[in-house]
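Reviewing the structure listed below.
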Amino acid sequence: MKFKKTTEQDSHYDHLEKMSISDLLVNINKEDKTVAHSVEKSMSQIVAAVEQVVEKLTQGGRLFYIGAGTSGRLGIVDASECPPTFGVSPDVVIGLIAGGDSAIRKAVEFAEDSTEQGWLDLKAKNISEKDIVVGIAASGTTPYVVGALQHCNDHNITTACITCNKNSPLSKNSKFPIEVVVGPEFVTGSSRMKAGTAQKLVLNMITTTAMIQLGKVKGNKMVDMQLSNNKLVDRGTKMVMDSLNISEFEASVLLDKHKSVRNAIKAYLNENK
């Protein structure tokens with residue numbers, strides 16, 4: 001069966017330039033509402049991939065995201081949010097983008113077209129069999145990503161992917177593919193829209209679930225979050241207050257001394273056995 005990109009199919013809407021602002025927004029929102037249902041249909045694939053992520057991280061390995069353009073940027077966003085949210089080292093979840101860091105803000109022409117550069121970027125991070133690599137590409141055809149996963153497979157490195165087309169080259173080169181088919185975009189081919197939203201939802205699921213499994217959440221609280229601004233210090237103080245049933249002043253002193261919610265609670269309980 002010939003591979004067809006649903007992400008490139010014509011939009012269900014036409015004459016967009018003739019629509020009112022209200023009609024444009026209502027129709028975009030109508031399409032966006034379908035994304036979560038598309039993710040739900042891929043749940044078994046997501047479960048299988050996340051089980052692998054948890055296993056690798058539990059054993060001291062790392063999670064790599066690799067992508068180009070919007071897909072690469074989404075991977076970097078998810079990776080960059082793990083240290084402040086869950087208190088893990090920046091070396092635990094790593095995002096790589098075709099064209100390097102400069103491509104985060106500005107497109108780098110033809111960076112995604114190399115079948116070798118993705119593997120070179122992974123090798124620069126000392127990739128090994130302990131790690132897992134998740135390729136992200138809405139189309140499922142990006143050479144930078146497909147080539148990287150091919151090399152990973154050759155070196156017995158666990159591979160997964162997030163794509164929005166069925167039976168793509170990326171899926172075929174991934175041991176644990178996640179295929180979230182969202183259908184044609186509102187603006188034909190603009191995969192930063194529904195496809196990007198789907199990828200973001202899956203990325204949230206991967207790292208949030210993995211970090212909970214690694215013990216980085218207690219109850220439903222981010223007890224290992226970095227206290228990097230006043231909002232987070234206030235949140236942390238309230239978490240300590242609620243957990244220990246102590247005053248705001250006592251909680252604030254504990255948090256200032258021990259520098260994390262988890263450590264503050266643990267120290268208090270040890271001192272008051």
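The chains in the structure tokens are called A, B, ... from first to last as shown; in each chain the residues are counted from 1, and the ligands are counted from 1 in the order shown.
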
**Asked** Counting only C-alpha atoms, what is within 12 Å of Leu74 (chain A), bar same-chain residues fewer than 4 positions away, as a PyMOL selection string?
**Response** chain A and resi 65-70+78-81+94-97+104-105+135-138+162+192+195-204

**Request:** Would you list the contacts of Asp224 (chain A) as a ChimeraX atom specification, taking every protein, DNA or RNA residue within 7 Å and counting only C-alpha atoms, but skipping same-chain residues closer than 6 positions in sequence?
**Result:** /A:86-87,216,260-262

Residues just named, written with C-alpha atoms as a PDB file, in the first residue's frame:
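The new file out34.pdb reads:
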ATOM      1  CA  PHE A  86      10.312  17.501  38.649  1.00  0.00           C
ATOM      2  CA  GLY A  87      13.750  18.464  39.967  1.00  0.00           C
ATOM      3  CA  LYS A 216       8.894  12.709  41.477  1.00  0.00           C
ATOM      4  CA  SER A 260      12.689  21.674  48.394  1.00  0.00           C
ATOM      5  CA  VAL A 261       9.207  20.635  49.447  1.00  0.00           C
ATOM      6  CA  ARG A 262      10.186  16.991  49.753  1.00  0.00           C
TER       7      ARG A 262
END

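In the backbone-derived DSSP annotation, strand (DSSP E or B) within region 134-254 of chain A comprises Val134, Gly135, Ile136, Thr158, Thr159, Ala160, Cys161, Ile162, Thr163, Phe176, Pro177, Ile178, Glu179, Lys218 and Lys221 of chain A.
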
Written selection (C-alpha atoms) as an mmCIF file, in the first residue's frame:
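Final file, result-v9.cif:
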data_model
loop_
_atom_site.group_PDB
_atom_site.id
_atom_site.type_symbol
_atom_site.label_atom_id
_atom_site.label_comp_id
_atom_site.auth_asym_id
_atom_site.auth_seq_id
_atom_site.Cartn_x
_atom_site.Cartn_y
_atom_site.Cartn_z
ATOM 1 C CA VAL A 134 11.866 9.246 20.532
ATOM 2 C CA GLY A 135 11.720 10.646 17.019
ATOM 3 C CA ILE A 136 9.125 13.366 16.513
ATOM 4 C CA THR A 158 15.521 1.504 21.868
ATOM 5 C CA THR A 159 13.487 3.695 19.525
ATOM 6 C CA ALA A 160 9.998 5.201 19.658
ATOM 7 C CA CYS A 161 8.304 7.927 17.677
ATOM 8 C CA ILE A 162 5.412 10.366 17.578
ATOM 9 C CA THR A 163 3.923 10.919 14.133
ATOM 10 C CA PHE A 176 7.531 1.578 19.606
ATOM 11 C CA PRO A 177 5.667 3.892 17.217
ATOM 12 C CA ILE A 178 2.950 6.277 18.344
ATOM 13 C CA GLU A 179 0.686 7.244 15.447
ATOM 14 C CA LYS A 218 3.810 12.808 45.992
ATOM 15 C CA LYS A 221 2.016 17.547 44.220
#

**Prompt:** Can you list, as JSON, numbers by chain, every residue of region 8-182 of chain A that DSSP puts in helix (DSSP H, G or I)?
**Reply:** {"A": [8, 16, 17, 18, 21, 22, 23, 24, 25, 26, 27, 28, 29, 30, 31, 32, 35, 36, 37, 38, 39, 40, 41, 43, 44, 45, 46, 47, 48, 49, 50, 51, 52, 53, 54, 55, 56, 57, 58, 69, 70, 71, 72, 73, 74, 75, 76, 77, 78, 79, 80, 81, 82, 83, 84, 85, 86, 101, 102, 103, 104, 111, 112, 113, 117, 118, 119, 120, 121, 122, 123, 143, 144, 145, 146, 147, 148, 149, 150, 151, 152, 153, 154, 169, 170, 171, 172]}
